[in-house]
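Engineer: If it helps, the file is called final09.pdb and holds PDB, C-alpha atoms, pLDDT in the B column:
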```
ATOM      1  CA  MET E   1       0.000   0.000   0.000  1.00 43.00           C
ATOM      2  CA  LYS E   2       1.351   3.392  -0.963  1.00 43.00           C
ATOM      3  CA  GLN E   3       2.153   5.408   2.149  1.00 45.00           C
ATOM      4  CA  LYS E   4       0.933   8.975   2.077  1.00 56.00           C
ATOM      5  CA  GLU E   5       1.212  11.821   4.530  1.00 67.00           C
ATOM      6  CA  ILE E   6      -1.378  11.536   7.256  1.00 67.00           C
ATOM      7  CA  SER E   7      -2.976  14.810   8.296  1.00 60.00           C
ATOM      8  CA  SER E   8      -4.793  15.791  11.457  1.00 48.00           C
ATOM      9  CA  ASN E   9      -8.047  15.913   9.460  1.00 49.00           C
ATOM     10  CA  ILE E  10      -8.531  12.134   9.434  1.00 66.00           C
ATOM     11  CA  LEU E  11     -11.732  10.632  10.729  1.00 68.00           C
ATOM     12  CA  ARG E  12     -11.980  10.627  14.524  1.00 67.00           C
ATOM     13  CA  THR E  13     -13.480   7.604  16.242  1.00 61.00           C
ATOM     14  CA  GLU E  14     -15.504   9.531  18.827  1.00 56.00           C
ATOM     15  CA  PRO E  15     -18.347   8.741  18.947  1.00 50.00           C
ATOM     16  CA  ILE E  16     -17.946   5.224  17.618  1.00 45.00           C
ATOM     17  CA  ILE E  17     -21.645   4.904  16.664  1.00 38.00           C
ATOM     18  CA  LYS E  18     -21.911   6.195  13.110  1.00 41.00           C
ATOM     19  CA  GLU E  19     -23.078   5.247   9.626  1.00 39.00           C
ATOM     20  CA  ILE E  20     -20.245   3.899   7.505  1.00 41.00           C
ATOM     21  CA  GLY E  21     -21.636   3.416   4.033  1.00 43.00           C
ATOM     22  CA  GLU E  22     -24.335   1.212   2.531  1.00 46.00           C
ATOM     23  CA  GLU E  23     -26.299   1.743   5.758  1.00 46.00           C
ATOM     24  CA  HIS E  24     -23.838  -0.327   7.792  1.00 46.00           C
ATOM     25  CA  ILE E  25     -23.514   0.633  11.434  1.00 49.00           C
ATOM     26  CA  ALA E  26     -20.452   0.473  13.693  1.00 51.00           C
ATOM     27  CA  SER E  27     -22.408  -0.003  16.910  1.00 55.00           C
ATOM     28  CA  SER E  28     -19.913  -0.475  19.725  1.00 74.00           C
ATOM     29  CA  VAL E  29     -16.273  -0.470  20.787  1.00 90.00           C
ATOM     30  CA  GLU E  30     -16.790  -4.133  21.723  1.00 93.00           C
ATOM     31  CA  THR E  31     -16.874  -6.755  18.977  1.00 96.00           C
ATOM     32  CA  PRO E  32     -20.454  -8.121  18.830  1.00 94.00           C
ATOM     33  CA  LEU E  33     -20.254 -11.624  20.308  1.00 95.00           C
ATOM     34  CA  ARG E  34     -22.878 -13.986  21.688  1.00 95.00           C
ATOM     35  CA  ALA E  35     -22.642 -14.963  25.361  1.00 95.00           C
ATOM     36  CA  ASP E  36     -21.969 -18.590  24.380  1.00 96.00           C
ATOM     37  CA  ALA E  37     -19.316 -17.727  21.782  1.00 95.00           C
ATOM     38  CA  PHE E  38     -16.611 -19.900  23.352  1.00 95.00           C
ATOM     39  CA  GLU E  39     -18.595 -22.803  24.787  1.00 95.00           C
ATOM     40  CA  MET E  40     -17.781 -24.807  21.647  1.00 96.00           C
ATOM     41  CA  ASP E  41     -14.130 -25.842  21.317  1.00 95.00           C
ATOM     42  CA  ASP E  42     -12.051 -24.965  18.269  1.00 97.00           C
ATOM     43  CA  SER E  43     -12.018 -28.464  16.811  1.00 97.00           C
ATOM     44  CA  GLU E  44     -15.818 -28.574  16.733  1.00 98.00           C
ATOM     45  CA  LYS E  45     -15.968 -25.087  15.203  1.00 98.00           C
ATOM     46  CA  LYS E  46     -13.588 -26.139  12.441  1.00 98.00           C
ATOM     47  CA  LYS E  47     -15.608 -29.275  11.736  1.00 98.00           C
ATOM     48  CA  LEU E  48     -18.851 -27.307  11.407  1.00 98.00           C
ATOM     49  CA  ILE E  49     -17.320 -24.518   9.323  1.00 98.00           C
ATOM     50  CA  GLU E  50     -15.796 -27.103   6.995  1.00 98.00           C
ATOM     51  CA  GLY E  51     -19.212 -28.647   6.400  1.00 98.00           C
ATOM     52  CA  HIS E  52     -20.940 -25.331   5.817  1.00 98.00           C
ATOM     53  CA  PHE E  53     -18.231 -24.056   3.486  1.00 98.00           C
ATOM     54  CA  ARG E  54     -18.397 -27.291   1.518  1.00 98.00           C
ATOM     55  CA  GLU E  55     -22.105 -26.614   1.063  1.00 98.00           C
ATOM     56  CA  ILE E  56     -21.449 -23.029  -0.095  1.00 98.00           C
ATOM     57  CA  MET E  57     -18.951 -24.259  -2.678  1.00 98.00           C
ATOM     58  CA  SER E  58     -21.421 -26.870  -3.864  1.00 98.00           C
ATOM     59  CA  ILE E  59     -24.190 -24.273  -4.193  1.00 98.00           C
ATOM     60  CA  LEU E  60     -21.826 -22.165  -6.318  1.00 98.00           C
ATOM     61  CA  GLY E  61     -21.498 -25.145  -8.642  1.00 98.00           C
ATOM     62  CA  LEU E  62     -17.898 -26.095  -7.867  1.00 98.00           C
ATOM     63  CA  ASP E  63     -16.780 -29.705  -8.322  1.00 98.00           C
ATOM     64  CA  LEU E  64     -15.509 -30.779  -4.905  1.00 98.00           C
ATOM     65  CA  THR E  65     -14.146 -34.031  -6.313  1.00 97.00           C
ATOM     66  CA  ASP E  66     -11.455 -32.036  -8.141  1.00 98.00           C
ATOM     67  CA  ASP E  67      -8.029 -32.426  -6.517  1.00 97.00           C
ATOM     68  CA  SER E  68      -7.551 -28.656  -6.323  1.00 98.00           C
ATOM     69  CA  LEU E  69     -10.861 -28.058  -4.496  1.00 98.00           C
ATOM     70  CA  SER E  70     -11.392 -31.139  -2.357  1.00 98.00           C
ATOM     71  CA  GLY E  71      -9.319 -29.852   0.559  1.00 98.00           C
ATOM     72  CA  THR E  72     -10.524 -26.248   0.408  1.00 98.00           C
ATOM     73  CA  PRO E  73     -13.351 -26.470   2.990  1.00 98.00           C
ATOM     74  CA  LYS E  74     -10.965 -27.891   5.597  1.00 98.00           C
ATOM     75  CA  ARG E  75      -8.296 -25.282   4.809  1.00 98.00           C
ATOM     76  CA  VAL E  76     -10.802 -22.438   5.068  1.00 98.00           C
ATOM     77  CA  ALA E  77     -12.126 -23.727   8.405  1.00 98.00           C
ATOM     78  CA  LYS E  78      -8.619 -23.923   9.848  1.00 98.00           C
ATOM     79  CA  MET E  79      -7.764 -20.472   8.501  1.00 98.00           C
ATOM     80  CA  TYR E  80     -10.896 -18.911  10.021  1.00 98.00           C
ATOM     81  CA  VAL E  81     -10.461 -20.382  13.506  1.00 98.00           C
ATOM     82  CA  GLU E  82      -6.683 -20.510  13.922  1.00 98.00           C
ATOM     83  CA  GLU E  83      -5.549 -17.553  11.845  1.00 98.00           C
ATOM     84  CA  ILE E  84      -7.582 -14.662  10.461  1.00 98.00           C
ATOM     85  CA  PHE E  85     -10.273 -14.691  13.181  1.00 98.00           C
ATOM     86  CA  SER E  86      -8.135 -15.932  16.080  1.00 98.00           C
ATOM     87  CA  GLY E  87      -8.450 -12.524  17.744  1.00 98.00           C
ATOM     88  CA  LEU E  88     -12.062 -13.292  18.633  1.00 97.00           C
ATOM     89  CA  ASN E  89     -10.968 -15.721  21.330  1.00 96.00           C
ATOM     90  CA  PRO E  90      -9.785 -13.989  24.531  1.00 95.00           C
ATOM     91  CA  LYS E  91      -7.405 -16.880  25.246  1.00 95.00           C
ATOM     92  CA  ASN E  92      -5.281 -15.538  22.381  1.00 96.00           C
ATOM     93  CA  LYS E  93      -4.960 -12.056  23.859  1.00 95.00           C
ATOM     94  CA  PRO E  94      -1.246 -11.190  24.233  1.00 93.00           C
ATOM     95  CA  HIS E  95       0.054 -10.893  27.769  1.00 90.00           C
ATOM     96  CA  ALA E  96       1.826  -7.557  27.993  1.00 85.00           C
ATOM     97  CA  LYS E  97       4.649  -7.478  30.515  1.00 84.00           C
ATOM     98  CA  LEU E  98       5.414  -4.022  31.836  1.00 88.00           C
ATOM     99  CA  PHE E  99       8.816  -2.664  32.802  1.00 86.00           C
ATOM    100  CA  ALA E 100       9.718   0.169  35.137  1.00 84.00           C
ATOM    101  CA  ASN E 101      10.617   3.350  33.291  1.00 79.00           C
ATOM    102  CA  LYS E 102      14.107   3.399  34.821  1.00 74.00           C
ATOM    103  CA  PHE E 103      15.404   5.952  32.358  1.00 75.00           C
ATOM    104  CA  ARG E 104      12.589   8.324  33.381  1.00 74.00           C
ATOM    105  CA  TYR E 105      11.830   8.872  29.740  1.00 78.00           C
ATOM    106  CA  ASN E 106       8.769  11.118  29.838  1.00 79.00           C
ATOM    107  CA  GLU E 107       8.425  11.937  26.156  1.00 85.00           C
ATOM    108  CA  MET E 108       6.223  10.070  23.707  1.00 92.00           C
ATOM    109  CA  LEU E 109       7.207   6.674  22.366  1.00 94.00           C
ATOM    110  CA  VAL E 110       6.032   5.951  18.834  1.00 96.00           C
ATOM    111  CA  GLU E 111       5.768   2.636  17.006  1.00 96.00           C
ATOM    112  CA  LYS E 112       4.820   3.339  13.393  1.00 96.00           C
ATOM    113  CA  ASP E 113       4.082   1.429  10.193  1.00 97.00           C
ATOM    114  CA  ILE E 114       2.702  -1.672  11.924  1.00 98.00           C
ATOM    115  CA  THR E 115       1.337  -3.664   8.990  1.00 98.00           C
ATOM    116  CA  PHE E 116      -1.875  -5.566   9.707  1.00 98.00           C
ATOM    117  CA  TYR E 117      -4.390  -7.676   7.807  1.00 98.00           C
ATOM    118  CA  SER E 118      -7.972  -7.711   8.971  1.00 98.00           C
ATOM    119  CA  ASN E 119     -11.358  -8.541   7.434  1.00 97.00           C
ATOM    120  CA  CYS E 120     -14.378  -6.324   6.899  1.00 95.00           C
ATOM    121  CA  GLU E 121     -17.287  -7.607   8.972  1.00 95.00           C
ATOM    122  CA  HIS E 122     -19.780  -6.555   6.293  1.00 93.00           C
ATOM    123  CA  HIS E 123     -18.423  -8.650   3.405  1.00 93.00           C
ATOM    124  CA  PHE E 124     -15.642 -10.760   4.976  1.00 95.00           C
ATOM    125  CA  VAL E 125     -13.013  -9.459   2.574  1.00 94.00           C
ATOM    126  CA  PRO E 126      -9.595  -8.103   3.587  1.00 95.00           C
ATOM    127  CA  ILE E 127      -8.669  -4.782   5.126  1.00 96.00           C
ATOM    128  CA  ILE E 128      -4.955  -4.102   4.629  1.00 96.00           C
ATOM    129  CA  GLY E 129      -3.364  -1.278   6.538  1.00 97.00           C
ATOM    130  CA  LYS E 130      -0.771   0.285   8.757  1.00 98.00           C
ATOM    131  CA  ALA E 131      -1.214   1.311  12.376  1.00 98.00           C
ATOM    132  CA  HIS E 132       0.806   4.022  14.096  1.00 98.00           C
ATOM    133  CA  VAL E 133       0.776   4.000  17.898  1.00 98.00           C
ATOM    134  CA  GLY E 134       2.184   6.428  20.441  1.00 97.00           C
ATOM    135  CA  TYR E 135       1.983   6.776  24.206  1.00 96.00           C
ATOM    136  CA  ILE E 136       3.484   8.781  27.044  1.00 95.00           C
ATOM    137  CA  SER E 137       4.493   6.732  30.087  1.00 91.00           C
ATOM    138  CA  THR E 138       3.201   7.440  33.578  1.00 89.00           C
ATOM    139  CA  GLY E 139       5.808   5.176  35.172  1.00 88.00           C
ATOM    140  CA  GLU E 140       5.915   1.933  33.190  1.00 88.00           C
ATOM    141  CA  VAL E 141       6.711   0.948  29.617  1.00 89.00           C
ATOM    142  CA  ILE E 142       5.753  -1.972  27.401  1.00 91.00           C
ATOM    143  CA  GLY E 143       7.973  -4.126  25.192  1.00 89.00           C
ATOM    144  CA  LEU E 144       7.873  -2.888  21.599  1.00 89.00           C
ATOM    145  CA  SER E 145       6.832  -6.257  20.176  1.00 93.00           C
ATOM    146  CA  LYS E 146       3.792  -6.263  22.464  1.00 95.00           C
ATOM    147  CA  ILE E 147       2.446  -3.137  20.775  1.00 96.00           C
ATOM    148  CA  ASN E 148       2.566  -5.003  17.466  1.00 97.00           C
ATOM    149  CA  ARG E 149       0.902  -8.039  19.057  1.00 97.00           C
ATOM    150  CA  ILE E 150      -1.943  -5.931  20.473  1.00 97.00           C
ATOM    151  CA  VAL E 151      -2.580  -4.468  17.008  1.00 98.00           C
ATOM    152  CA  GLN E 152      -2.573  -7.938  15.411  1.00 98.00           C
ATOM    153  CA  TYR E 153      -4.861  -9.404  18.098  1.00 98.00           C
ATOM    154  CA  TYR E 154      -7.646  -6.916  17.425  1.00 98.00           C
ATOM    155  CA  ALA E 155      -7.061  -6.976  13.667  1.00 98.00           C
ATOM    156  CA  LYS E 156      -7.694 -10.732  13.582  1.00 98.00           C
ATOM    157  CA  ARG E 157     -11.441 -10.325  13.857  1.00 98.00           C
ATOM    158  CA  PRO E 158     -14.259  -9.329  11.559  1.00 97.00           C
ATOM    159  CA  GLN E 159     -13.801  -5.570  11.913  1.00 97.00           C
ATOM    160  CA  VAL E 160     -14.721  -2.038  11.067  1.00 96.00           C
ATOM    161  CA  GLN E 161     -11.802   0.366  11.106  1.00 96.00           C
ATOM    162  CA  GLU E 162     -13.307   2.737  13.654  1.00 96.00           C
ATOM    163  CA  ARG E 163     -13.746  -0.088  16.169  1.00 97.00           C
ATOM    164  CA  LEU E 164     -10.254  -1.453  15.522  1.00 98.00           C
ATOM    165  CA  THR E 165      -8.773   1.981  16.239  1.00 98.00           C
ATOM    166  CA  MET E 166     -10.674   2.285  19.507  1.00 98.00           C
ATOM    167  CA  GLN E 167      -9.924  -1.267  20.661  1.00 98.00           C
ATOM    168  CA  ILE E 168      -6.178  -0.780  20.227  1.00 98.00           C
ATOM    169  CA  ALA E 169      -6.290   2.561  22.056  1.00 98.00           C
ATOM    170  CA  GLU E 170      -8.429   1.321  24.954  1.00 97.00           C
ATOM    171  CA  ASP E 171      -6.269  -1.783  25.448  1.00 96.00           C
ATOM    172  CA  LEU E 172      -3.092   0.311  25.582  1.00 96.00           C
ATOM    173  CA  LYS E 173      -4.621   2.801  28.013  1.00 96.00           C
ATOM    174  CA  GLU E 174      -5.675  -0.002  30.352  1.00 94.00           C
ATOM    175  CA  THR E 175      -2.419  -1.944  30.002  1.00 93.00           C
ATOM    176  CA  LEU E 176      -0.120   1.044  30.504  1.00 92.00           C
ATOM    177  CA  ASN E 177      -2.306   2.854  33.033  1.00 92.00           C
ATOM    178  CA  THR E 178      -2.071   6.055  31.010  1.00 94.00           C
ATOM    179  CA  GLU E 179      -4.627   8.212  29.238  1.00 97.00           C
ATOM    180  CA  SER E 180      -1.987   9.624  26.894  1.00 97.00           C
ATOM    181  CA  VAL E 181      -2.352   7.398  23.849  1.00 98.00           C
ATOM    182  CA  GLY E 182      -2.495   8.166  20.135  1.00 98.00           C
ATOM    183  CA  VAL E 183      -3.517   5.695  17.435  1.00 98.00           C
ATOM    184  CA  VAL E 184      -3.715   6.406  13.696  1.00 98.00           C
ATOM    185  CA  ILE E 185      -4.737   3.809  11.108  1.00 98.00           C
ATOM    186  CA  ASP E 186      -4.532   4.126   7.333  1.00 96.00           C
ATOM    187  CA  ALA E 187      -6.042   1.203   5.435  1.00 96.00           C
ATOM    188  CA  THR E 188      -7.290  -0.097   2.109  1.00 94.00           C
ATOM    189  CA  HIS E 189     -10.661  -1.875   2.171  1.00 92.00           C
ATOM    190  CA  LEU E 190     -11.127  -4.551  -0.465  1.00 91.00           C
ATOM    191  CA  CYS E 191     -14.891  -4.259  -0.021  1.00 82.00           C
ATOM    192  CA  VAL E 192     -14.405  -0.905  -1.767  1.00 81.00           C
ATOM    193  CA  SER E 193     -11.661  -1.802  -4.239  1.00 74.00           C
ATOM    194  CA  SER E 194     -12.524  -5.384  -5.254  1.00 72.00           C
ATOM    195  CA  ARG E 195     -16.319  -5.083  -5.347  1.00 74.00           C
ATOM    196  CA  GLY E 196     -19.025  -2.428  -5.288  1.00 68.00           C
ATOM    197  CA  VAL E 197     -17.650   0.892  -6.502  1.00 69.00           C
ATOM    198  CA  GLY E 198     -14.328  -0.716  -7.508  1.00 67.00           C
ATOM    199  CA  ASP E 199     -12.176   2.200  -6.316  1.00 68.00           C
ATOM    200  CA  THR E 200      -8.593   0.918  -6.144  1.00 71.00           C
ATOM    201  CA  ASN E 201      -6.959   4.203  -5.111  1.00 72.00           C
ATOM    202  CA  SER E 202      -8.748   5.402  -1.989  1.00 79.00           C
ATOM    203  CA  THR E 203      -7.669   4.644   1.573  1.00 87.00           C
ATOM    204  CA  THR E 204      -9.428   5.257   4.882  1.00 91.00           C
ATOM    205  CA  GLY E 205      -7.891   7.057   7.841  1.00 95.00           C
ATOM    206  CA  THR E 206      -9.023   6.918  11.471  1.00 97.00           C
ATOM    207  CA  ALA E 207      -7.482   8.286  14.653  1.00 97.00           C
ATOM    208  CA  HIS E 208      -7.883   8.286  18.412  1.00 97.00           C
ATOM    209  CA  PHE E 209      -6.191  10.886  20.613  1.00 98.00           C
ATOM    210  CA  SER E 210      -6.538  10.968  24.396  1.00 97.00           C
ATOM    211  CA  GLY E 211      -4.785  12.511  27.377  1.00 97.00           C
ATOM    212  CA  LYS E 212      -1.859  14.694  26.337  1.00 97.00           C
ATOM    213  CA  PHE E 213      -2.419  13.719  22.695  1.00 98.00           C
ATOM    214  CA  LYS E 214      -5.491  15.973  22.697  1.00 97.00           C
ATOM    215  CA  GLU E 215      -3.127  18.929  23.039  1.00 97.00           C
ATOM    216  CA  ALA E 216      -2.389  20.464  19.646  1.00 97.00           C
ATOM    217  CA  ASN E 217       1.404  20.496  20.061  1.00 97.00           C
ATOM    218  CA  THR E 218       1.598  16.872  21.224  1.00 96.00           C
ATOM    219  CA  ARG E 219      -0.731  15.703  18.467  1.00 97.00           C
ATOM    220  CA  ALA E 220       1.305  17.598  15.858  1.00 97.00           C
ATOM    221  CA  GLU E 221       4.526  16.045  17.193  1.00 96.00           C
ATOM    222  CA  PHE E 222       2.992  12.579  16.914  1.00 97.00           C
ATOM    223  CA  LEU E 223       1.814  13.178  13.343  1.00 97.00           C
ATOM    224  CA  ASN E 224       5.246  14.529  12.417  1.00 96.00           C
ATOM    225  CA  PHE E 225       6.814  11.347  13.803  1.00 94.00           C
ATOM    226  CA  ILE E 226       4.642   9.031  11.741  1.00 95.00           C
ATOM    227  CA  ASN E 227       5.048  11.113   8.584  1.00 92.00           C
ATOM    228  CA  SER E 228       8.856  11.322   8.860  1.00 85.00           C
TER     229      SER E 228
END
```
So that I can check it, write out the structure of this file as C-alpha cells.
Structural biologist:
Amino acid sequence: MKQKEISSNILRTEPIIKEIGEEHIASSVETPLRADAFEMDDSEKKKLIEGHFREIMSILGLDLTDDSLSGTPKRVAKMYVEEIFSGLNPKNKPHAKLFANKFRYNEMLVEKDITFYSNCEHHFVPIIGKAHVGYISTGEVIGLSKINRIVQYYAKRPQVQERLTMQIAEDLKETLNTESVGVVIDATHLCVSSRGVGDTNSTTGTAHFSGKFKEANTRAEFLNFINS
C-alpha cells in the first residue's frame, strides 16, 4: 500500500456509533459476540465450518471431487479459527509485561508502520493497513513487540476500522495505566476496491487521541513522527 502523509483531518473515532456506508452501522467499541461464543471448542468449530463451506462451494457449482478443491473447505475452516479470526478468542490475547521506566523517559514513544491484515465484517473481505501508535508513560513501559501483538490481536477479527482503532487505544490505556495514547490507522478496504464501486486508489484514515495527545502540540509532534 502506498504510504501517504497523514494529516490531522482524518476521521476521529468519537463517537464510535456512526453510519459507515451502505447503511452499515459500527455499533460499539466491543466486537459483537454472543454470550456462548466460546462454549464450543475450536475443533468442533472447524468441523462445522468445513461442512458449511463445503455446502457453499457446492451451491456455487464447484466440483468438490477435483483435486484442487477437495481440501478447500478444511483449509478455510482452519484459517478462520486458527488464523484470520483468532483474535475473537480472549485466550489468544497477548500478555503484555510491563517494565519500570528506569530511564525516566517522559516523552512520547512511537511505534509506526505496523502492517496488519484484517477482514471487513460486512463482506468478509480483507482490510490491509498500517497502524501508528504512540503513548506517554506514567511510570511503566511496554515491550515494543507487544504493541505489534496488540494491534494484530484486534485486527484478527471481523472488523470495522473505527472499532479497531478504539480497541487498540483502549487496550493500551488499560495496560499502561495512562490516558496519553495516540492511534492512527490508514487502510485499504477490499470491499471498496474489489467489489461495489471498484475504487482501487482510496484509503481510509481513522485516529484516536486521548490525554496529552489531545493537546495540539503533542498531536502535531505525533503526526510529524509518523510522517517522517
Engineer: So how many Å separate atom CA of Leu88 of chain E and atom CA of Ser210 of chain E, to one decimal?
Structural biologist: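 Here the two named atoms are 25.5 Å from each other.
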Engineer: Of the candidates E:Gly134, E:Gly71, E:Gly182, E:Gly139, which shows the shortest atom-to-atom distance to Asn101 of chain E, using all atoms listed in the file?
Structural biologist: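 The closest residue to Asn101 of chain E is E:Gly139.
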Engineer: Would you mind telling me which residue in E:Asn227, E:Leu98, E:Arg149, E:Pro90 lies nearest to Ala37 of chain E when using all atoms listed in the file?
Structural biologist: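 Smallest distance to Ala37 of chain E is found for E:Pro90.
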Engineer: Which one is closest to Pro158 of chain E: E:Ser194, E:Ser118, E:Asn224, E:Ser86? Count only C-alpha atoms.
Structural biologist: E:Ser118
Engineer: If the PyMOL selection byres ((chain E and resi 72) around 12) is run on the structure shown, which residues does it catch, given as a list in words?
Structural biologist: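 Those residues are Ile49, Glu50, Gly51, His52, Phe53, Arg54, Glu55, Ile56, Met57, Ser58, Leu62, Asp63, Leu64, Thr65, Asp66, Asp67, Ser68, Leu69, Ser70, Gly71, Pro73, Lys74, Arg75, Val76, Ala77, Lys78 and Met79 of chain E.
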Engineer: Can you write just those residues out, C-alpha atoms, as a CSV table (one decimal), in the frame of the given file?
Structural biologist:
```
chain,number,residue,atom,x,y,z
E,49,ILE,CA,-17.3,-24.5,9.3
E,50,GLU,CA,-15.8,-27.1,7.0
E,51,GLY,CA,-19.2,-28.6,6.4
E,52,HIS,CA,-20.9,-25.3,5.8
E,53,PHE,CA,-18.2,-24.1,3.5
E,54,ARG,CA,-18.4,-27.3,1.5
E,55,GLU,CA,-22.1,-26.6,1.1
E,56,ILE,CA,-21.4,-23.0,-0.1
E,57,MET,CA,-19.0,-24.3,-2.7
E,58,SER,CA,-21.4,-26.9,-3.9
E,62,LEU,CA,-17.9,-26.1,-7.9
E,63,ASP,CA,-16.8,-29.7,-8.3
E,64,LEU,CA,-15.5,-30.8,-4.9
E,65,THR,CA,-14.1,-34.0,-6.3
E,66,ASP,CA,-11.5,-32.0,-8.1
E,67,ASP,CA,-8.0,-32.4,-6.5
E,68,SER,CA,-7.6,-28.7,-6.3
E,69,LEU,CA,-10.9,-28.1,-4.5
E,70,SER,CA,-11.4,-31.1,-2.4
E,71,GLY,CA,-9.3,-29.9,0.6
E,73,PRO,CA,-13.4,-26.5,3.0
E,74,LYS,CA,-11.0,-27.9,5.6
E,75,ARG,CA,-8.3,-25.3,4.8
E,76,VAL,CA,-10.8,-22.4,5.1
E,77,ALA,CA,-12.1,-23.7,8.4
E,78,LYS,CA,-8.6,-23.9,9.8
E,79,MET,CA,-7.8,-20.5,8.5
```
Engineer: Give me, please, the distance in Å between atom CA of His189 of chain E and atom CA of Arg34 of chain E, quoted to one decimal.
Structural biologist: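 Answer for the atom CA of His189 of chain E to atom CA of Arg34 of chain E separation: 26.0 Å.
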Engineer: For the structure provided, state which residues fall under the PyMOL selection byres ((chain E and resi 38) around 12), and present them as a list in words.
Structural biologist: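 Going through the file, the PyMOL selection byres ((chain E and resi 38) around 12) ends up selecting Leu33, Arg34, Ala35, Asp36, Ala37, Glu39, Met40, Asp41, Asp42, Ser43, Glu44, Lys45, Val81, Ser86, Leu88, Asn89, Pro90 and Lys91 of chain E.
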Engineer: Pick the closest to Phe116 of chain E from E:Glu215, E:Glu221, E:Glu162, E:Asp186: which is it, counting all atoms listed in the file?
Structural biologist: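 Smallest separation from Phe116 of chain E among the options: E:Asp186.
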Engineer: Once the PyMOL selection byres ((chain E and resi 193) around 12) has been evaluated on this model, what residues remain selected, and can you format them as a list in words?
Structural biologist: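 Selection result, ordered by chain and number: Val125, Pro126, Ile127, Ile128, Ala187, Thr188, His189, Leu190, Cys191, Val192, Ser194, Arg195, Gly196, Val197, Gly198, Asp199, Thr200, Asn201, Ser202, Thr203 and Thr204 of chain E.
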Engineer: Go ahead and save the residues from that selection, with C-alpha atoms, as an mmCIF file, in the frame of the given file.
Structural biologist:
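Result went into out31.cif, see below:
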```cif
data_model
loop_
_atom_site.group_PDB
_atom_site.id
_atom_site.type_symbol
_atom_site.label_atom_id
_atom_site.label_comp_id
_atom_site.auth_asym_id
_atom_site.auth_seq_id
_atom_site.Cartn_x
_atom_site.Cartn_y
_atom_site.Cartn_z
ATOM 1 C CA VAL E 125 -13.013 -9.459 2.574
ATOM 2 C CA PRO E 126 -9.595 -8.103 3.587
ATOM 3 C CA ILE E 127 -8.669 -4.782 5.126
ATOM 4 C CA ILE E 128 -4.955 -4.102 4.629
ATOM 5 C CA ALA E 187 -6.042 1.203 5.435
ATOM 6 C CA THR E 188 -7.290 -0.097 2.109
ATOM 7 C CA HIS E 189 -10.661 -1.875 2.171
ATOM 8 C CA LEU E 190 -11.127 -4.551 -0.465
ATOM 9 C CA CYS E 191 -14.891 -4.259 -0.021
ATOM 10 C CA VAL E 192 -14.405 -0.905 -1.767
ATOM 11 C CA SER E 194 -12.524 -5.384 -5.254
ATOM 12 C CA ARG E 195 -16.319 -5.083 -5.347
ATOM 13 C CA GLY E 196 -19.025 -2.428 -5.288
ATOM 14 C CA VAL E 197 -17.650 0.892 -6.502
ATOM 15 C CA GLY E 198 -14.328 -0.716 -7.508
ATOM 16 C CA ASP E 199 -12.176 2.200 -6.316
ATOM 17 C CA THR E 200 -8.593 0.918 -6.144
ATOM 18 C CA ASN E 201 -6.959 4.203 -5.111
ATOM 19 C CA SER E 202 -8.748 5.402 -1.989
ATOM 20 C CA THR E 203 -7.669 4.644 1.573
ATOM 21 C CA THR E 204 -9.428 5.257 4.882
#
```
Engineer: Between atom CA of Gly211 of chain E and atom CA of Thr178 of chain E, measure the distance and give it in Å to one decimal.
Structural biologist: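 Going from atom CA of Gly211 of chain E over to atom CA of Thr178 of chain E covers 7.9 Å.
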Engineer: So which residues touch segment 152-157 of chain E within 10 Å, counting all atoms listed in the file, skipping near sequence neighbours fewer than 4 positions away, as JSON, numbers by chain?
Structural biologist: {"E": [31, 80, 82, 83, 84, 85, 86, 87, 88, 89, 90, 92, 93, 94, 114, 115, 116, 117, 118, 119, 120, 121, 124, 127, 128, 129, 131, 146, 147, 148, 161, 163, 164, 165, 166, 167, 168, 171]}
